[in-house]
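Engineer: My structure is stored as entry.txt, with compact mmCIF, C-alpha atoms.
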# COMPACT_ATOMS: atom_id res chain seq x y z
CA MET A 8 26.34 13.81 22.81
CA HIS A 9 26.29 12.80 19.15
CA ASP A 10 23.41 13.54 16.80
CA ALA A 11 21.90 10.25 15.62
CA THR A 12 20.42 11.85 12.49
CA PRO A 13 22.28 10.62 9.38
CA PRO A 14 23.87 13.29 7.16
CA PRO A 15 21.90 14.36 4.06
CA LEU A 16 22.56 12.32 0.95
CA ASN A 17 24.72 13.94 -1.70
CA GLU A 18 24.05 13.69 -5.43
CA ALA A 19 26.19 10.57 -5.87
CA ALA A 20 24.41 8.84 -3.00
CA ILE A 21 21.01 9.76 -4.43
CA THR A 22 21.99 8.38 -7.84
CA ALA A 23 23.15 5.15 -6.19
CA GLN A 24 19.87 4.79 -4.28
CA LEU A 25 17.80 5.38 -7.43
CA ALA A 26 19.90 2.79 -9.29
CA LYS A 27 18.94 0.26 -6.60
CA LEU A 28 15.27 0.98 -7.27
CA ALA A 29 15.82 0.16 -10.94
CA GLU A 30 17.47 -3.09 -9.84
CA VAL A 31 14.40 -3.95 -7.75
CA ARG A 32 12.18 -3.52 -10.80
CA THR A 33 14.48 -5.68 -12.88
CA ALA A 34 14.53 -8.38 -10.19
CA ILE A 35 10.72 -8.46 -9.97
CA ALA A 36 10.45 -8.66 -13.78
CA ARG A 37 12.25 -12.01 -13.65
CA SER A 38 9.16 -13.63 -12.13
CA ILE A 39 6.34 -11.26 -13.12
CA VAL A 40 5.27 -10.68 -16.72
CA GLY A 41 3.81 -7.22 -17.41
CA GLN A 42 1.89 -5.41 -14.64
CA ASP A 43 4.36 -2.51 -14.90
CA THR A 44 1.85 -0.01 -13.48
CA VAL A 45 1.07 -2.28 -10.53
CA VAL A 46 4.76 -2.78 -9.75
CA GLU A 47 5.35 0.97 -9.96
CA GLN A 48 2.48 1.70 -7.58
CA LEU A 49 3.76 -0.85 -5.05
CA LEU A 50 7.18 0.80 -5.13
CA ILE A 51 5.51 4.20 -4.73
CA GLY A 52 3.77 2.88 -1.62
CA LEU A 53 7.08 1.61 -0.30
CA LEU A 54 8.86 4.94 -0.90
CA ALA A 55 5.99 6.94 0.60
CA GLY A 56 5.97 4.74 3.70
CA GLY A 57 2.36 3.66 3.16
CA HIS A 58 0.44 0.43 2.77
CA CYS A 59 -1.12 -0.91 -0.44
CA LEU A 60 -4.32 -2.81 -1.11
CA LEU A 61 -4.31 -4.93 -4.29
CA GLU A 62 -7.64 -5.95 -5.78
CA GLY A 63 -8.23 -8.38 -8.61
CA VAL A 64 -9.87 -11.68 -9.44
CA PRO A 65 -8.04 -14.86 -8.39
CA GLY A 66 -5.27 -16.11 -10.64
CA LEU A 67 -3.76 -12.77 -11.71
CA GLY A 68 -0.55 -13.23 -9.71
CA LYS A 69 -1.22 -10.82 -6.84
CA THR A 70 0.37 -13.08 -4.24
CA LEU A 71 3.31 -13.92 -6.52
CA LEU A 72 3.85 -10.21 -7.15
CA VAL A 73 4.06 -9.44 -3.42
CA ARG A 74 6.31 -12.44 -2.83
CA SER A 75 8.61 -11.25 -5.60
CA LEU A 76 8.79 -7.78 -4.06
CA GLY A 77 9.57 -9.38 -0.71
CA ALA A 78 12.35 -11.43 -2.28
CA ALA A 79 13.85 -8.33 -3.93
CA LEU A 80 14.04 -6.59 -0.56
CA LYS A 81 16.41 -7.80 2.15
CA LEU A 82 13.60 -7.56 4.68
CA GLU A 83 11.85 -10.04 6.92
CA PHE A 84 8.77 -11.19 5.02
CA ARG A 85 5.72 -13.02 6.38
CA ARG A 86 2.41 -14.04 4.88
CA ILE A 87 -0.96 -14.46 6.60
CA GLN A 88 -3.74 -16.27 4.77
CA PHE A 89 -6.95 -14.64 5.96
CA THR A 90 -9.84 -17.08 6.43
CA PRO A 91 -13.28 -16.85 8.12
CA ASP A 92 -11.99 -18.62 11.26
CA LEU A 93 -8.83 -16.52 11.70
CA MET A 94 -8.61 -14.84 15.12
CA PRO A 95 -6.91 -11.53 16.08
CA SER A 96 -4.39 -13.46 18.20
CA ASP A 97 -3.34 -15.36 15.07
CA ILE A 98 -2.10 -12.01 13.72
CA LEU A 99 -0.92 -10.06 16.76
CA GLY A 100 0.26 -12.85 19.05
CA THR A 101 -0.85 -14.22 22.38
CA GLU A 102 0.31 -14.86 25.92
CA ILE A 103 1.56 -18.33 26.71
CA LEU A 104 2.13 -19.86 30.15
CA GLU A 105 5.76 -20.76 30.76
CA GLU A 106 7.30 -22.57 33.69
CA ASP A 107 10.70 -21.74 35.19
CA HIS A 108 12.27 -25.16 35.66
CA GLY A 109 14.65 -23.75 38.28
CA THR A 110 12.02 -22.33 40.61
CA GLY A 111 8.92 -24.14 39.41
CA LYS A 112 7.09 -20.79 39.08
CA ARG A 113 4.86 -20.08 36.14
CA HIS A 114 4.49 -16.80 34.30
CA PHE A 115 2.88 -15.48 31.15
CA LYS A 116 5.07 -14.52 28.20
CA PHE A 117 3.90 -12.65 25.10
CA GLN A 118 4.49 -14.74 21.98
CA LYS A 119 4.73 -12.31 19.05
CA GLY A 120 2.55 -13.02 16.03
CA PRO A 121 3.39 -12.78 12.32
CA VAL A 122 2.61 -9.04 12.24
CA PHE A 123 6.06 -8.48 13.80
CA THR A 124 7.89 -8.30 10.49
CA ASN A 125 9.03 -5.74 7.91
CA LEU A 126 6.88 -6.77 4.95
CA LEU A 127 3.51 -8.37 5.71
CA LEU A 128 1.39 -9.98 3.02
CA ALA A 129 -2.22 -10.02 4.21
CA ASP A 130 -3.59 -12.43 1.62
CA GLU A 131 -7.33 -12.23 0.85
CA LEU A 132 -7.88 -9.75 3.68
CA ASN A 133 -11.61 -9.47 2.96
CA ARG A 134 -12.25 -13.17 3.55
CA THR A 135 -12.07 -12.73 7.32
CA PRO A 136 -14.73 -11.06 9.55
CA PRO A 137 -14.41 -7.39 10.57
CA LYS A 138 -13.27 -8.28 14.12
CA THR A 139 -10.13 -9.90 12.74
CA GLN A 140 -9.63 -7.26 10.04
CA ALA A 141 -9.61 -4.60 12.78
CA ALA A 142 -6.63 -6.30 14.44
CA LEU A 143 -4.41 -4.62 11.84
CA LEU A 144 -5.68 -1.06 12.43
CA GLU A 145 -3.23 -0.04 15.16
CA ALA A 146 -0.33 -1.84 13.50
CA MET A 147 -0.91 -0.06 10.19
CA GLN A 148 -1.39 3.41 11.67
CA GLU A 149 0.89 3.50 14.72
CA HIS A 150 3.35 0.69 13.87
CA THR A 151 2.67 -0.73 17.33
CA VAL A 152 0.73 -3.61 18.86
CA SER A 153 -1.05 -3.26 22.21
CA TYR A 154 -1.72 -6.44 24.18
CA ALA A 155 -2.57 -6.96 27.85
CA GLY A 156 -1.69 -3.39 28.77
CA THR A 157 1.70 -3.41 27.04
CA THR A 158 2.58 -1.68 23.76
CA TRP A 159 5.10 -3.36 21.48
CA ALA A 160 6.86 -1.51 18.65
CA LEU A 161 6.94 -3.14 15.23
CA PRO A 162 10.24 -3.35 13.33
CA GLU A 163 11.03 -0.59 10.84
CA PRO A 164 10.39 -0.32 8.00
CA PHE A 165 6.89 -1.83 8.30
CA PHE A 166 4.86 -2.25 5.13
CA VAL A 167 1.52 -4.06 4.67
CA LEU A 168 0.55 -5.35 1.25
CA ALA A 169 -2.97 -6.72 1.35
CA THR A 170 -4.84 -8.52 -1.41
CA GLN A 171 -8.59 -8.72 -1.70
CA ASN A 172 -11.01 -10.37 -4.07
CA PRO A 173 -13.76 -8.32 -5.73
CA LEU A 174 -16.64 -7.79 -3.32
CA GLU A 175 -19.06 -9.46 -5.72
CA GLN A 176 -17.44 -12.84 -5.00
CA ALA A 177 -18.91 -15.22 -2.44
CA GLY A 178 -17.46 -15.32 1.07
CA THR A 179 -16.13 -11.75 1.22
CA TYR A 180 -16.56 -9.17 3.98
CA PRO A 181 -16.31 -5.51 2.89
CA LEU A 182 -13.46 -3.68 4.62
CA PRO A 183 -14.71 -0.86 6.89
CA GLU A 184 -14.02 2.70 5.78
CA ALA A 185 -11.62 3.29 8.70
CA GLN A 186 -9.46 0.40 7.56
CA LEU A 187 -9.58 1.33 3.88
CA ASP A 188 -8.36 4.81 4.79
CA ARG A 189 -5.21 3.26 6.32
CA PHE A 190 -4.10 2.16 2.85
CA LEU A 191 -2.12 4.74 0.93
CA LEU A 192 -3.04 3.21 -2.45
CA HIS A 193 -5.79 0.95 -3.73
CA VAL A 194 -4.15 -0.84 -6.66
CA ARG A 195 -6.25 -2.53 -9.32
CA VAL A 196 -4.75 -5.66 -10.91
CA ASP A 197 -6.27 -6.25 -14.35
CA TYR A 198 -6.08 -9.10 -16.83
CA PRO A 199 -2.85 -9.28 -18.89
CA THR A 200 -2.70 -8.47 -22.58
CA GLU A 201 -2.73 -11.35 -25.07
CA ALA A 202 1.05 -11.14 -25.59
CA GLU A 203 1.68 -11.05 -21.82
CA GLU A 204 -0.67 -13.97 -21.21
CA GLN A 205 1.09 -16.06 -23.85
CA MET A 206 4.43 -15.26 -22.20
CA ILE A 207 3.02 -16.23 -18.80
CA LEU A 208 1.89 -19.60 -20.17
CA SER A 209 5.30 -20.18 -21.73
CA GLN A 210 7.31 -19.25 -18.64
CA THR A 211 5.20 -21.06 -16.04
CA THR A 212 4.81 -24.42 -17.80
CA GLY A 213 8.48 -25.06 -18.57
CA ALA A 214 11.62 -25.17 -16.46
CA PRO A 215 11.42 -23.29 -13.13
CA SER A 216 12.16 -19.59 -13.55
CA ALA A 217 15.15 -17.93 -11.92
CA LYS A 218 14.82 -16.81 -8.31
CA VAL A 219 14.43 -13.12 -7.50
CA ASP A 220 17.65 -11.66 -6.09
CA ALA A 221 17.61 -9.52 -2.94
CA VAL A 222 18.67 -6.00 -3.92
CA ILE A 223 18.10 -3.50 -1.10
CA GLY A 224 17.79 -3.78 2.66
CA GLY A 225 15.95 -2.02 5.45
CA ASP A 226 18.45 0.84 5.82
CA ASP A 227 18.17 1.56 2.09
CA VAL A 228 14.37 1.62 2.30
CA ILE A 229 14.40 4.02 5.27
CA ALA A 230 16.90 6.30 3.47
CA LEU A 231 14.71 6.33 0.36
CA GLN A 232 11.61 7.11 2.41
CA LYS A 233 13.40 10.10 3.97
CA LEU A 234 14.58 11.19 0.53
CA THR A 235 11.01 10.99 -0.80
CA ARG A 236 9.83 13.55 1.74
CA GLU A 237 12.54 15.96 0.56
CA VAL A 238 11.25 15.94 -3.03
CA HIS A 239 10.03 19.41 -3.99
CA LEU A 240 6.32 20.00 -4.51
CA GLY A 241 5.38 23.47 -5.73
CA ALA A 242 2.69 25.65 -4.17
CA ASP A 243 0.54 25.38 -7.31
CA VAL A 244 0.61 21.56 -7.20
CA LEU A 245 -0.20 21.60 -3.49
CA THR A 246 -3.13 23.95 -4.12
CA TRP A 247 -4.45 21.64 -6.85
CA ILE A 248 -4.22 18.61 -4.56
CA THR A 249 -6.12 20.49 -1.84
CA ARG A 250 -8.86 21.52 -4.28
CA LEU A 251 -9.13 18.01 -5.74
CA VAL A 252 -9.62 16.42 -2.33
CA ARG A 253 -12.08 19.08 -1.15
CA ALA A 254 -14.02 18.69 -4.43
CA THR A 255 -14.78 15.05 -3.52
CA ARG A 256 -17.05 16.25 -0.67
CA PRO A 257 -20.68 16.82 -1.76
CA GLN A 258 -21.14 19.77 0.61
CA ASP A 259 -18.03 21.61 -0.70
CA THR A 260 -17.76 20.60 -4.35
CA PRO A 261 -18.43 22.81 -7.37
CA VAL A 262 -18.78 19.65 -9.50
CA ALA A 263 -22.39 18.59 -10.15
CA GLU A 264 -21.50 14.93 -10.74
CA VAL A 265 -19.90 14.68 -7.30
CA ARG A 266 -23.02 16.05 -5.61
CA GLU A 267 -25.03 13.39 -7.43
CA TRP A 268 -22.69 10.41 -7.20
CA ILE A 269 -20.92 10.76 -3.82
CA ARG A 270 -22.34 10.31 -0.30
CA TRP A 271 -19.06 10.87 1.59
CA GLY A 272 -15.89 12.37 0.23
CA ALA A 273 -12.23 11.98 1.13
CA GLY A 274 -10.68 13.41 4.30
CA PRO A 275 -7.38 15.22 4.83
CA ARG A 276 -5.49 11.91 4.93
CA ALA A 277 -6.26 11.58 1.21
CA GLY A 278 -4.43 14.84 0.56
CA GLN A 279 -1.45 13.69 2.59
CA ALA A 280 -1.40 10.42 0.64
CA LEU A 281 -1.58 12.21 -2.71
CA VAL A 282 1.30 14.54 -1.80
CA LEU A 283 3.56 11.68 -0.66
CA ALA A 284 2.60 9.44 -3.57
CA ALA A 285 3.31 12.21 -6.10
CA LYS A 286 6.71 12.82 -4.51
CA ALA A 287 7.47 9.09 -4.58
CA ARG A 288 6.51 8.81 -8.25
CA ALA A 289 8.73 11.74 -9.14
CA LEU A 290 11.66 10.14 -7.32
CA LEU A 291 10.98 6.79 -8.98
CA HIS A 292 11.22 8.54 -12.35
CA GLY A 293 14.50 10.19 -11.39
CA ARG A 294 13.08 13.65 -10.68
CA PHE A 295 13.43 15.70 -7.51
CA ALA A 296 10.27 17.72 -8.09
CA ALA A 297 6.68 16.44 -8.27
CA THR A 298 4.44 17.71 -11.07
CA ARG A 299 0.74 17.77 -11.90
CA ASP A 300 1.29 14.66 -14.05
CA ASP A 301 2.40 12.75 -10.95
CA VAL A 302 -0.77 13.84 -9.17
CA ALA A 303 -3.01 12.95 -12.10
CA ALA A 304 -1.41 9.50 -12.45
CA LEU A 305 -2.06 8.66 -8.79
CA ALA A 306 -5.38 10.38 -8.13
CA ALA A 307 -7.38 7.21 -8.81
CA PRO A 308 -5.38 4.76 -6.63
CA VAL A 309 -5.28 7.33 -3.81
CA LEU A 310 -8.97 8.31 -3.93
CA ARG A 311 -10.90 5.29 -5.24
CA HIS A 312 -11.17 3.58 -1.82
CA ARG A 313 -11.92 6.80 0.05
CA LEU A 314 -15.13 7.73 -1.79
CA LEU A 315 -18.53 6.32 -0.80
CA LEU A 316 -20.81 6.20 -3.81
CA SER A 317 -24.47 7.19 -3.67
CA PHE A 318 -27.40 5.03 -4.73
CA ALA A 319 -27.73 7.19 -7.83
CA ALA A 320 -24.16 6.35 -8.86
CA GLU A 321 -24.77 2.66 -8.33
CA ALA A 322 -27.96 2.85 -10.36
CA GLU A 323 -26.02 4.46 -13.20
CA ALA A 324 -23.22 1.89 -12.84
CA ARG A 325 -20.72 4.65 -12.00
CA SER A 326 -17.48 3.84 -10.19
CA SER A 327 -15.20 5.92 -7.99
CA ASP A 328 -12.76 5.99 -10.92
CA ASP A 329 -15.44 7.76 -12.98
CA VAL A 330 -15.66 10.40 -10.24
CA VAL A 331 -11.89 10.89 -10.23
CA ALA A 332 -11.84 11.25 -14.02
CA VAL A 333 -14.50 13.97 -13.80
CA LEU A 334 -12.62 15.76 -11.00
CA LEU A 335 -9.35 15.87 -12.94
CA LYS A 336 -11.16 17.63 -15.78
CA ALA A 337 -13.44 19.84 -13.70
CA VAL A 338 -10.99 21.15 -11.08
CA PRO A 339 -8.64 23.57 -12.88
CA PHE A 340 -4.94 23.64 -12.19
CA PRO A 341 -3.93 27.00 -10.62
CA SER A 342 -2.67 29.39 -13.24
Could you write out this file's structure as structure tokens?
Structural biologist:
Amino acid sequence: MHDATPPPLNEAAITAQLAKLAEVRTAIARSIVGQDTVVEQLLIGLLAGGHCLLEGVPGLGKTLLVRSLGAALKLEFRRIQFTPDLMPSDILGTEILEEDHGTGKRHFKFQKGPVFTNLLLADELNRTPPKTQAALLEAMQEHTVSYAGTTWALPEPFFVLATQNPLEQAGTYPLPEAQLDRFLLHVRVDYPTEAEEQMILSQTTGAPSAKVDAVIGGDDVIALQKLTREVHLGADVLTWITRLVRATRPQDTPVAEVREWIRWGAGPRAGQALVLAAKARALLHGRFAATRDDVAALAAPVLRHRLLLSFAAEAEARSSDDVVAVLLKAVPFPS
């Protein structure tokens, strides 16, 4: 009986895999101007095997960014436009009645929905009611779909990139906390700089830009995800991550601002996400050991959607990012 586990990558293989990641960035840059931090965080989500939620006002290129990433990966890519009348069956699939022309008998057959793909773009996820939003919960956590008593496995790798409009906009439904916690990173997409905006105007109003080339496939992604988990993370960094996450909870925190601004803090899944994201960032930067800088750079996208602000924080116009900034200063790194 042969072991199906692939042999560990050697140094040359690791270098080749990292070079492919650089090619993915270059390919995306052909259609996306700027947004380097956003692109990096999406790739971190991919390497860590987690899902990403992108938030920004309409017109900032969120959908184009995800499409470009999909084009750079040799993976099956599907897009679902979430609307108020979208039903769970429009995502997961449904049973259809088929007739056997030979026997004349009829039977039900499960018709798989668009969630059966490698890279799923859930566009404007918060424009659909909670019942339909919840249809993605099992798929995102277990990578399976249960329907009519049968469980169907999703293809691997499986990666959800969801976009949402700011909650202040009309026609939005806030995502429930259980669903937000399924996202490894909450990525903020901001307005471009003046130079970037001028370049966008120049590139998008002339001749069509070059297509994004496919660079890596599913086997490469799975190999990189396994490699990410092998990145070293020291005991001191792990201790700091544990203390940061525990310090978000009002009942456990030594930080006065957290007790005032936070109603509910982050759970253990936040710590898992921060460990994997830090390892992925280290690998993306060509290092095989995660550092405190990796943790600090990703604390906000990992924690911002896992903190429930108090009324006092809202009255003072404080955001979850303000809480994270205070935590990074108030929670000392182990000496």
Engineer: Find the distance between CA of Ala303 in chain A and CA of Ala285 in chain A and write it in Å to one decimal.
Structural biologist: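 Computing it gives 8.7 Å between the two atoms.
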Engineer: Please give the centre and size of the box around range 46-49 of chain A (axis-aligned, containing every atom listed in the file, 8 Å added per side), with values in Å to one decimal and written as JSON.
Structural biologist:
{"center_x": 3.9, "center_y": -0.5, "center_z": -7.5, "size_x": 18.9, "size_y": 20.5, "size_z": 20.9}
Engineer: Using 10 Å as the limit and counting all atoms listed in the file, can you tabulate each residue of range 28-84 of chain A that touches range 236-248 of chain A, with its shortest atom-to-atom distance in Å and the two atoms involved, as a tab-separated table?
Structural biologist:
residue	atom	partner	partner_atom	distance
A:Leu54	CA	A:Arg236	CA	9.1
A:Ala55	CA	A:Arg236	CA	7.7
A:Gly56	CA	A:Arg236	CA	9.8
Engineer: Residues at most 8 Å from range 67-70 of chain A, counting only C-alpha atoms, excluding those fewer than 6 positions away in the same chain, as a ChimeraX atom specification?
Structural biologist: /A:39,61,128,130,170,196-198
Engineer: Go through A:Leu182, A:Leu291, A:Leu305, A:Leu310 one by one, measure the shortest atom-to-atom distance of each to Val252 in chain A using all atoms listed in the file, and give the residue with the smallest value.
Structural biologist: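 Ranked by minimum distance to Val252 in chain A, first place goes to A:Leu310.
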